[in-house]
Structure formats: structure tokens, C-alpha cells
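A short worksheet on the structure shown next.
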Amino acid sequence: MTSRGAGTAFSRKNYRLSTEPEKSKVTGIVNSRLLNDYLHRVFTNADGNQPAAAYRKHLTFQNLQEHLDRLLAEENGSEDSRDQVAEGRLGPSTVVLDHTSGFEGLLLVDDDLLGVIGHSNFGSIRATTCVYKGKWIYEVLISSQGLMQIGWCTLNCRFNQEEGVGDTPDSYAYDGNRVRKWNVTTTNYGKSWAAGDIVSCLIDLDEGTIAFCLNGISLGTAFDNITRGAGMAYFPAISLSFKESVAFNFGSRPLRYPLVEGYRPLQDPPIADLVKARKLLGYLKNVIHIGIDVTEGKLVEKDTSMWQLQGEPTVLITLAHIFNYFSPLMCKVYLVEDVLMTFLLSILERGGAVEAHPLIQQLLDLMWLLMEEYEVHECLKQLLMSLLRAYRFSPIIPDLGLQIHYLRLTIAVLKHEKSRKYLLSNVLFDVLRSVVFFYIKSPLRVEEAGLQELIPTTWWPNRFTKEGKESKEVKEESAEERLRRRAYERGCQRLKKRIEVVEGLQVQILKLLLNNKDRGGGEASRYIFLNKFRKFLQENASNRGNLTVLCPPEYMVCFLHRLIAALRFFWDGHKVKTPAALSSEEAYVPPQLFYNGKVDYFDLQRLGGLLSHLKKTLKDDLAAKANVLIDPAELQAVTMDDLDEDEESATSAAQSQRPSAALAIGGALARPGWLSSPTLGRANRFLSTAAVSLMNPRRPLGTQEKIKVRTLSVEQRTEEDIEGSHGNEGLLLGRPPEEPDQPITENSLLEVLDGIVMMYNLSVHQQLGKMVGVSDDVNEYAMALKDTEEKISRCPKRRRDIHEELLKSQKVFSEKLNHLSRRLAWINVTIYSKEKMQDVYWLLRVCIRTIEHGDRTGSLFAFMPEFYLSVAMNSYSALKNYFSPVNSMEELPGYEETLMRLAAILAKHFADSRIVGTDIRDSLMQALASYVCYPHSLRAVERIPEEQRISMMKNLLAPYEQRPWAQTNWILVRLWRGCGFGYRYTRLPHLLKTKPEDASLPSLQKPCPSTLLQRHMADLLRSDRDLAPSFLNSVLNQLNWAFSEFIGMIQEIQQAAERLERNFVDSRQLKVCATCFDLSVSLLRVLEMTVTLAPEIFLDWNRPSSELLLRRLAQLLNQVLNRVTAERNLFDRVVNLRLPGLESVDHYPILVAVTGILVRLLVDTDVQG
């Protein structure tokens, strides 16, 4: 292509314009008079006026380029003056962070050298340009709200890992985390910042002042009389602690908040290009506004909203001339953000649905037609990055108007098929984190977010006792409280409706990305999304410690809910078209996905261990049950050393491919910065454990026909590999005989569902637990306020000083509660709403069905990834603990049945030999232990089939050696508690008088014994003559060990306490000591349970083991009584020390357990005698 503006002829794609006279008359071009009028109307002068017809030059396409050059050069004189070097500034004109010498500590710097993340205790870095005269400004985009000091420093400032910007004489900083300003000393200043805020840093070197703004609102002058004079020049600088991240804008992009009068950005805007781009955009608007009526031979005004090109040659050639100059300008981020994005947003400002504005689609068509491919790629990339920055760093206003505005434009761009596919293939998930578009940030300052107007009346529950427990007495609500609560709920509903608008737009984006009908020009969007989504999951699963790659959990929570909504939309849409398929309410992931190799699970643990081990040990089962043969190459032995070598080589290869823009050992490392730029370069390391079909037909298969599988990476997969065709089943290859032969849904949706389950496991569950902290804070302040009000009512009138202090405290607590209750309303709507609860419940049911289907496959169940069981347990825990009391789990449809099915899974699999991972087995045991603690879930265990109940009890009664016996013992104790001697208490009796606040421990729930499971235990012990002695011998062995350990520890504690010098006993030692005591008591209770339910095991002399068991039991009881009951003995002295951490250690718990055993033995001996 010829250089732009260099000559009169230029080529672009499939057409050519020329000045040759014989080509002047082109078919379809209007007559010369009308063309002249049209071109003069489109290409107006700088003042917007047209010269009189008699004085204006006759325009044709032959002289249009010359005319356009003259128009664009009209303001060159003023541009030259603006482009002169600004006085008062030293350094490069393009301002970036100084990654070569201007840093201290370990930092990760973005590829564009504008974003930075702290990677050491307190790293510091400055910019490459300094100022010594005049007024200057730059902006900092806050990506995390932790400890940072932002401001200015001189070249002489020396920082270290403890002292940063503001800690030395000639450096000045603002810290919104601690709400302070720093210059050697520190004082209160400004407001607290939050992730998504923008800090403007202003320095006036004429007056000697420094000030800061937060989201465009001035915080006032922070410092005056700063040091000035010869040799004093100030650099923008920041110090930030580990994991904190920001992005700087020195002027390379338009400043978000209007310039404070007289202040200039450190980097000058591209004025010449900006003027030119705005002129060209004006010409483009004129083309859209002006139409040519060929039949009437005149120009007409057109409705811009419905403008279409319609193949008019005159208009097309006119646009080609405009884009000849406009295209290269649209590769620059400043111009894309200031000119193009502003124009596109203005189109949508007229309101209505995005579909009502086809002009944006037409403009994108023009860009793909008239711009070079590399130009349109760069333009779209910069446009989406600008939209993401604008969305993420927009302040929250009551109607969320800014966020809605940017999301609408994002949808409009993604509606364009060619643009969507390019962005999916090369930008979303690769260059920037598209999940940011699905995040709704929580306001830290409710006043600025307008929540006071939206929720004018605040309310908080008063149902908690002083110990923080829910009060059992349901108090009548007063009329005033009822009115407040209802007003608060109405405010929450108003907030919910506004947030639902944003969530609906976010779901629309995902629906566009999951479109599988847009096969024009290549692969459908859904299959591009699937491969990118899988790589996204891989990075978050494989780089759990690498902060630069991990997606923040608060983003993941929002992404999960939007993805579930989009998935269920397509799933149920397919059900309408294919009635035989399952609805989304019956969704599950079929077991063949876990072993046929079509979906890659990276290095995630399977229930049966490593995948390489399973392929070797279960290859015959795969061949027999699923007609799958593993490629011989897959069966090579893989040692841990091999894995390490592969990982190291892949890592080194990846590092060699990364740009070495800013690499310094112990210093500023170049990092792809999704948090700030947001850009992300990736090392494409892919550990493939897959085995993929060779497209052989799946059905019908004889017993001898097997499918040989091989390995493909995610990038190599096609739509056919996923959906299948012509007898090939795609993802459903290798259906086991136990799996029903019926359609489930589109195969691609199954992979999305699998990814959603993995996402929940990676970070969503932890984030759900974390956000409960706000609710806990409300409860604490509510209790404090209630306590203060009670003290005010009891305060004597003569003590005015105390009364005034109490009133101040009351005011502080009330203000804090008003703030927290509004913030809690936001969190309840965005995270803990009823709809979000139903999403988590749906996910729980998906996991239950998936586990049930996998379990039926026998040995192939071992291929299932561990995270399915983890998500089943964790999602139930979240529903039970995190969403209440806002929403009740009991109200969910099919709750009782779901509870029972989960109970059956826990009962069956906690001792399943197919599950080998220690961690997942422990988790299953803990989940079962939690299940039997509460009456509702215990009843669910009792409702599972009798055969499964008996099997569970038999597994619990297996010998304690070689397994985690403490959890098993605790489960048995829970089944007994409430039936034993003196074992019905919910508060520790010995603490009720001395320490009533410690009498309620979290483990002491209300007793809920299970007589049904006790009966199963008694039947097993009576009927199986080998089971009873082996079980009881193991219990007695563990009791002997636990009590001996306890005695040894209290001896050490007593010796430490008797020394003259002051010694502090290690808190960990006290904790272990208390644990050994609690274990001893619980083992005694299990013995009491056994003696009560099946006394003949000890007293029936026809049993060969009875006498031995009774003798061992008597010896142990004697040992316990000797140690505990003697006056002023070791146990007595340690108990009387009342050490913190040993509150549960006392005579009562252990003596009543021993007494219970002795009483039952005596009573049953008389009965048998």
C-alpha cells in the first residue's frame, strides 16, 4: 500500500482510486454539480461554515485529497506552538515508571511501564520525568485498597524496605489506607480509598503546595512550603506493600477527572493528532447526516440512528478518503478513548435497547472494510481496554448509570460478529481480564455511592445475646422497629432493582460470547470461548501462589453467577428444541468426561490419585466398560522427577518467550499486569493429560470394537471434537453401560458446567465466607449499642460525666451501624440474595447428581476430580452458614431430598476404597461429623436406605488404627450425646459459676442423639463376634495413649508453674493438652455407649473376649480415677491454675463419663445375674 497522503493515488483492499481522467466517470457516482455540493457539505472549514458557491473551489474525487490535506493543515501554526517543550519539566516526553534505576525492593511492572504490583515488604518506584516549576497533575488508578503511599519525591530520596515515599525529608505522600499524609511525620488527612478509586496528585511549584483529589473531589492542601530552589525537582513516586497494585496515568490517556484549573498533566496530550481526529470525526458525522437524493438531484438530511451504507459508491469513496487519514490515528490509545469511545457512547445516550442503535454495527462494518487489518485489530483492542478501565474505575452512583453506559457499549461492540470473534480470540482472557466486566464493586464509602438517599432508613436485627448466639426467645417486634425494618427492606428492594439492571447487561455479554450459531467466517464464538475459558481456569488452578495471574476471588463470585444464568438460558433453550434432553434443573456432568480425555483437568487431583497411575491400573476397566483404549504412549511410567523436569522445562521455555521489557534481579520485574493496564501476556504452558478420540464412530460398537484415544491440547480442539458428528460423540465418547442412553444437552454446555464447578472450588467458596464478616460486624456493633443503651438507662443522674461519655459511645455505635447496615444491604443484594442462593443450591444439586452417576460406574469413579466432592460439601456449608439469616435454606425446593442425597454420599464415600487422597477423605469425615451435629441433617442421615446406614456404622466401627480415628470417635460421640450419664448439658457445668462467658463453646450444640443409628451399632456389635473385640481393643488402646499423653503434659505444665522465675507456658502446648483431655473424655463416652447398648460384650462369659475386655476396661478406669480423684494431686493443682486454654479441663467431664460406665456395668451385671 502507498504511504498515506504522499500521492493522489492510494490503494485499499479491493478497490483503487485514481486521478486518471479516463477513470473520472465511475458507474454509480452522481453528477459533478451534486457531487461538488455533497463534498462541500461533508468537508466544511474549521469554523464549520461553507464559503459562498461563487467563491468555493469545485470539488471532485480527483482533487478531494488535496482539499482534505489543506483542511487538516489549517491549524498547524497553533499546533507548533502547543508542541513546544513545556517549561518546568525535565525528562522524556513519554512518561513511564523508571524500571532501570528508580526503584527499591521487588516490584512487578506492566509491559506498558505504567502499572505496578508490590512483590516485597514495601517497594518504591518513581517516574522517569520530574518537574521543578509550574503546576502539574497525574492520576493513580487504585486496583487494591491496601497499604500504599502515593505522592512526590526528589532524586536524593533514598528508600528501603521499611521507609518509602513520605518517610524522608523531601518526599510527600497520601495514604488512603490509613487515611493519613506523610512527610517524615504523619497526621490525619483525606478519606479512605477503595479498589476502583482514582487519586489525583497535584503539585504547585509556584506556590509550594501539594494537594490530592479522590475521584475528582479535592481533599484539600496536604503540604505547603515544600522545598524549592536550585537542584530541587520532584518525581511522581509510590511505595506499596506486598500484593498491592496500581496503574499510573501521566497523560498517555485522557485524565478521568477534568484538569484542575492551571494544572497540566506530566505528559502532553497529542494535540495535533487530537485536532485532526476530531475534524475527521466531524466529516464522518456529516456523511452519516447527509444523504443524496439522486432522483431529485438534491441533498437531504438523514436519520442518523438508522443510517446504512447500502452500497452507494459516492458515499463509499467519500468514506474511504476520510478513513485514509482516520485509520492510523485510531491505533493510538489517547485518541481511541477521547474521540472514538466518546462518539460511540454518544450514540447510545439516546436510550432504548442496544439493538435500537444499528449505527454502531454499521460503523464497525466500515472499520473492517476500510481499515487495514492490523489497524482495526489495534483499534478494537484499545477500545475494549478503555471500556474496561472506564467501567472498573467509575465511581458508584445511585442509579449505576456510568457502569450501565459502558456495559451497553461493550454489548454493542460484541454484537458485531467479526469484532466479537477477534476480541474473543486475541483480547478477552488474553490481553485483558474480561471477568472484570462481570464484577460489581462494593462501595466502601456509602455516602458517595448515594446509599443514604436510596436507603434513608437503616435497620439491624436485635436477636443476639451478649455471647453472640442467636437468642432463642423470639421477642415481639415493637411498632417502631417494624416500620424501620419495612422501610429498610423497601430501600434494599430499590437497590436490588438497580443492580439487577447491571447484572442483566453482564449476562447479555456472556450470551453473546456463548453464541454457537455464528459460524460465518470460521469457528462459532462458543468454541473460541470454551478454549479461552479452559486456559483461564488452568492458570487459576495451576498458579495458586502467582498473584500476577490469579483472578481476584471477588471477580470470580460475580462471574460464576452470570455464567450460571447464561448457561441455564442456553440449556433450557436446547430443551425446548429437543424435548428428549434434560432441563437445567436436572443438569449433571456425565462420568465419561473424566476419563475420555476430551476435557483437560491439568494437574488437579483425581479421587483415585494421579491420572497416569489410574490409566495404568484401570486400563482394562476402561476397555471393558467404556470401549476406550489408551494410547500406549500415555501408559509410560511417570515419576515425580519426570513431572518436575517437565514443569521446569515448560516454565523456562515460557520465560524465554516473555518480553524482557523491565527485568531486574531483586528489582522491578516486567509483569503482564491485568490488574492495572489491564494487559496480560501469557506463557502458553499446557500440561495435557487428555486422551482424545480419533473420530471413530461410537455406536453401535461390538464387544471387540474399541476406541483408541490420543492426546490433544485445548488449542487443537475443534467444534467436532466437542459436539461430535456422524457417529462420533465428541465429549460424550466412552459412555459406560451404567449411564442412560439419552441426550443431556449440547456437549459444549457440559464443559461450561464443569468449568463453573471448578471455579466455585478455586476461590468462590472462600470469598463467600470472607464477606460474612460485614454481617458479623453489624452483630457486634448492635450488641455494643444495646449494651451501651442499657448502661445509659442504669446510669445515676448525678454522674453526668459518665452519662456524657456513654452518649458519645452511643452516637459512635449508631453512626457505624448506619454505615454498615447500608453496606450490608449492598452485599446482601450482590452476593447473598435469594437468586444467588438458588445458584449455589443448583450447583450443589449438579454435584450430587454428577457424583451419583459417577458412583454407578464402579472402578471408573476413581477418575472423577476431587473438586466435585469438595464443591458438594462446601456449597452445602455455604447455604447453611453464609446465606442465613437473610435467606433460609429450608425454603429451597426439594431441600429435604437434597439433604438426604448428600447424606447418602457422605455416608458411602467417607470410607470408599476408591478414594485415596488423605485430604478429601478427611474432608468427607469432617462433613459427616458436622452433619450429625444438627437435628435436621441428622434426620437426613436417618432417612437414607437402611443398607447404607448399616454400612456407614460398620465403617465407623472398624478398628481405629491406620486411619483418622479422632473424627470417627467424635461422630459416634455425637450420636450418643444426650443419652449418657450427665451428658445432656449445652454449657460446661463447671464453668457456669467461675467463667460463665466460657461455658458456651462452639462445639457444644444442643444434644440430638440418634436412637436409630445406636440400634444399628448395637446389632453390629452383637452379631459380629470379630468386630466387637477389634473395635473395643482399638478404643482402649487410643484411650490409654490419649490419657497418658495428657498426664505427661500436665506434669510439664505444673513444673513450669512451680519455677521461681516467671515462665509462660506455650499456648500451643496448652491447646494440645486440652485436646488430649477432650479425646480421653470422648473415648470414655464411646465406651459408655458400647456398655449401654451391648453390655453382653463385656458381661457374657460365653464370649471368648469378654473377660479380657472387662479386665482392660477396669484397669484403665482405675488409672483414670487414681490420677483424677486423689486430693491435691497433679490434676487438682493444674485445674486450680485456671490457665487460659485449659477451660475445658476439669473433674466434672471425665468423672461423669467414668461414672456412667461403672453404673451401666453394675446395673447390667445385676440384670444378667
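Please note that chains go A, B, ... in the order of the C-alpha cells, that every chain numbers its residues from 1, and that ligands are numbered from 1 in the order shown.
For A:Cys157, the list of residues within 10 Å, based on only C-alpha atoms and with local chain neighbours fewer than 6 positions off taken out, reads Gly164, Val165, Gly166, Asp167, Thr168, Pro169, Asp170 and Ser171 of chain A.
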Atoms kept (N, CA, C and O atoms) for selection, written as a tab-separated table (two decimals), in the first residue's frame:
```
chain	number	residue	atom	x	y	z
A	164	GLY	N	9.46	4.49	52.84
A	164	GLY	CA	9.11	4.76	51.46
A	164	GLY	C	8.79	6.22	51.23
A	164	GLY	O	9.25	7.10	51.98
A	165	VAL	N	7.98	6.48	50.22
A	165	VAL	CA	7.60	7.85	49.86
A	165	VAL	C	6.86	8.48	51.04
A	165	VAL	O	5.88	7.92	51.54
A	166	GLY	N	7.34	9.65	51.49
A	166	GLY	CA	6.74	10.33	52.63
A	166	GLY	C	7.48	10.08	53.93
A	166	GLY	O	7.21	10.75	54.94
A	167	ASP	N	8.42	9.14	53.92
A	167	ASP	CA	9.17	8.84	55.15
A	167	ASP	C	10.53	9.53	55.18
A	167	ASP	O	11.29	9.36	56.13
A	168	THR	N	10.87	10.27	54.12
A	168	THR	CA	12.15	11.01	54.06
A	168	THR	C	11.84	12.50	53.91
A	168	THR	O	10.74	12.88	53.50
A	169	PRO	N	12.82	13.38	54.22
A	169	PRO	CA	12.54	14.83	54.27
A	169	PRO	C	11.95	15.42	53.00
A	169	PRO	O	11.02	16.22	53.07
A	170	ASP	N	12.44	15.06	51.81
A	170	ASP	CA	11.95	15.69	50.59
A	170	ASP	C	11.02	14.78	49.80
A	170	ASP	O	11.04	14.73	48.57
A	171	SER	N	10.17	14.04	50.51
A	171	SER	CA	9.14	13.24	49.85
A	171	SER	C	7.82	13.45	50.59
A	171	SER	O	7.80	13.62	51.80
```
Legend entry - Exercise: A:Glu896 partners within 12 Å, only C-alpha atoms, chain neighbours under 6 positions left out, as a ChimeraX atom specification: /A:889-890,902-903,936-941,943-944
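Excluding A:Tyr983 itself and any same-chain residue fewer than 6 positions from it, the protein and nucleic acid residues within 9 Å of it, counting only C-alpha atoms, are Trp976, Arg977, Pro1007, Pro1149, Val1152 and Ala1153 of chain A.
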Using the selection just defined, write its residues with N, CA, C and O atoms as a compact mmCIF listing (two decimals), in the first residue's frame.
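Just written: again_36.txt:
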```txt
# COMPACT_ATOMS: atom_id res chain seq x y z
N TRP A 976 -24.35 -40.25 70.47
CA TRP A 976 -24.65 -40.70 71.84
C TRP A 976 -25.03 -39.53 72.76
O TRP A 976 -25.81 -39.69 73.69
N ARG A 977 -24.49 -38.36 72.46
CA ARG A 977 -24.63 -37.23 73.37
C ARG A 977 -26.10 -36.88 73.58
O ARG A 977 -26.86 -36.70 72.64
N PRO A 1007 -27.86 -31.29 72.34
CA PRO A 1007 -27.76 -32.73 72.04
C PRO A 1007 -28.87 -33.19 71.11
O PRO A 1007 -30.02 -32.78 71.24
N PRO A 1149 -16.22 -33.30 83.62
CA PRO A 1149 -16.44 -34.04 82.35
C PRO A 1149 -15.92 -35.46 82.39
O PRO A 1149 -16.57 -36.38 81.89
N VAL A 1152 -17.89 -37.85 85.26
CA VAL A 1152 -19.24 -38.32 84.92
C VAL A 1152 -19.18 -39.40 83.84
O VAL A 1152 -20.01 -40.32 83.82
N ALA A 1153 -18.19 -39.31 82.93
CA ALA A 1153 -18.05 -40.34 81.90
C ALA A 1153 -17.68 -41.68 82.53
O ALA A 1153 -18.26 -42.72 82.18
```
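Across the structure, atom CA of A:Asp110 and atom CA of A:Trp193 are spaced 22.4 Å apart.
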Inset, instruction - Give me, please, the distance in Å between atom CA of A:Glu244 and atom CA of A:Glu104, quoted to one decimal. - result: 15.2 Å
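Take atom CA of A:Asp754 and atom CA of A:Leu384: the distance between them is 28.2 Å.
Nearest to A:Gln592 of all the residues A:Leu1116, A:Leu732, A:Ile915, A:Leu505 is A:Leu732, counting only C-alpha atoms.
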Legend entry - Near-stretch 1026-1031 of chain A list (6 Å; only C-alpha atoms; drop same-chain fewer than 3 positions) as JSON, numbers by chain: {"A": [957, 958, 959, 1021, 1034]}
Legend entry - Near-stretch 406-421 of chain A list (7 Å; only C-alpha atoms; drop same-chain fewer than 5 positions) as a PyMOL selection string: chain A and resi 345+354+360-361+387+391+505+509+512+525
Legend entry - Polymer residues at most 7 Å from stretch 138-152 of chain A, only C-alpha atoms, same-chain spacing of 3 or more positions, as a PyMOL selection string: chain A and resi 165+171-175+177+193-202+234-241+244-250+265-266+675-676
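Checking A:Val932, A:Ala904, A:Met759, A:Ala872 one by one against A:His561, counting only C-alpha atoms, you find the shortest gap at A:Met759.
Each of A:Lys535, A:Thr60, A:Arg484, A:Arg33 was checked against A:Leu299 using only C-alpha atoms; the smallest atom-to-atom distance is that of A:Arg33.
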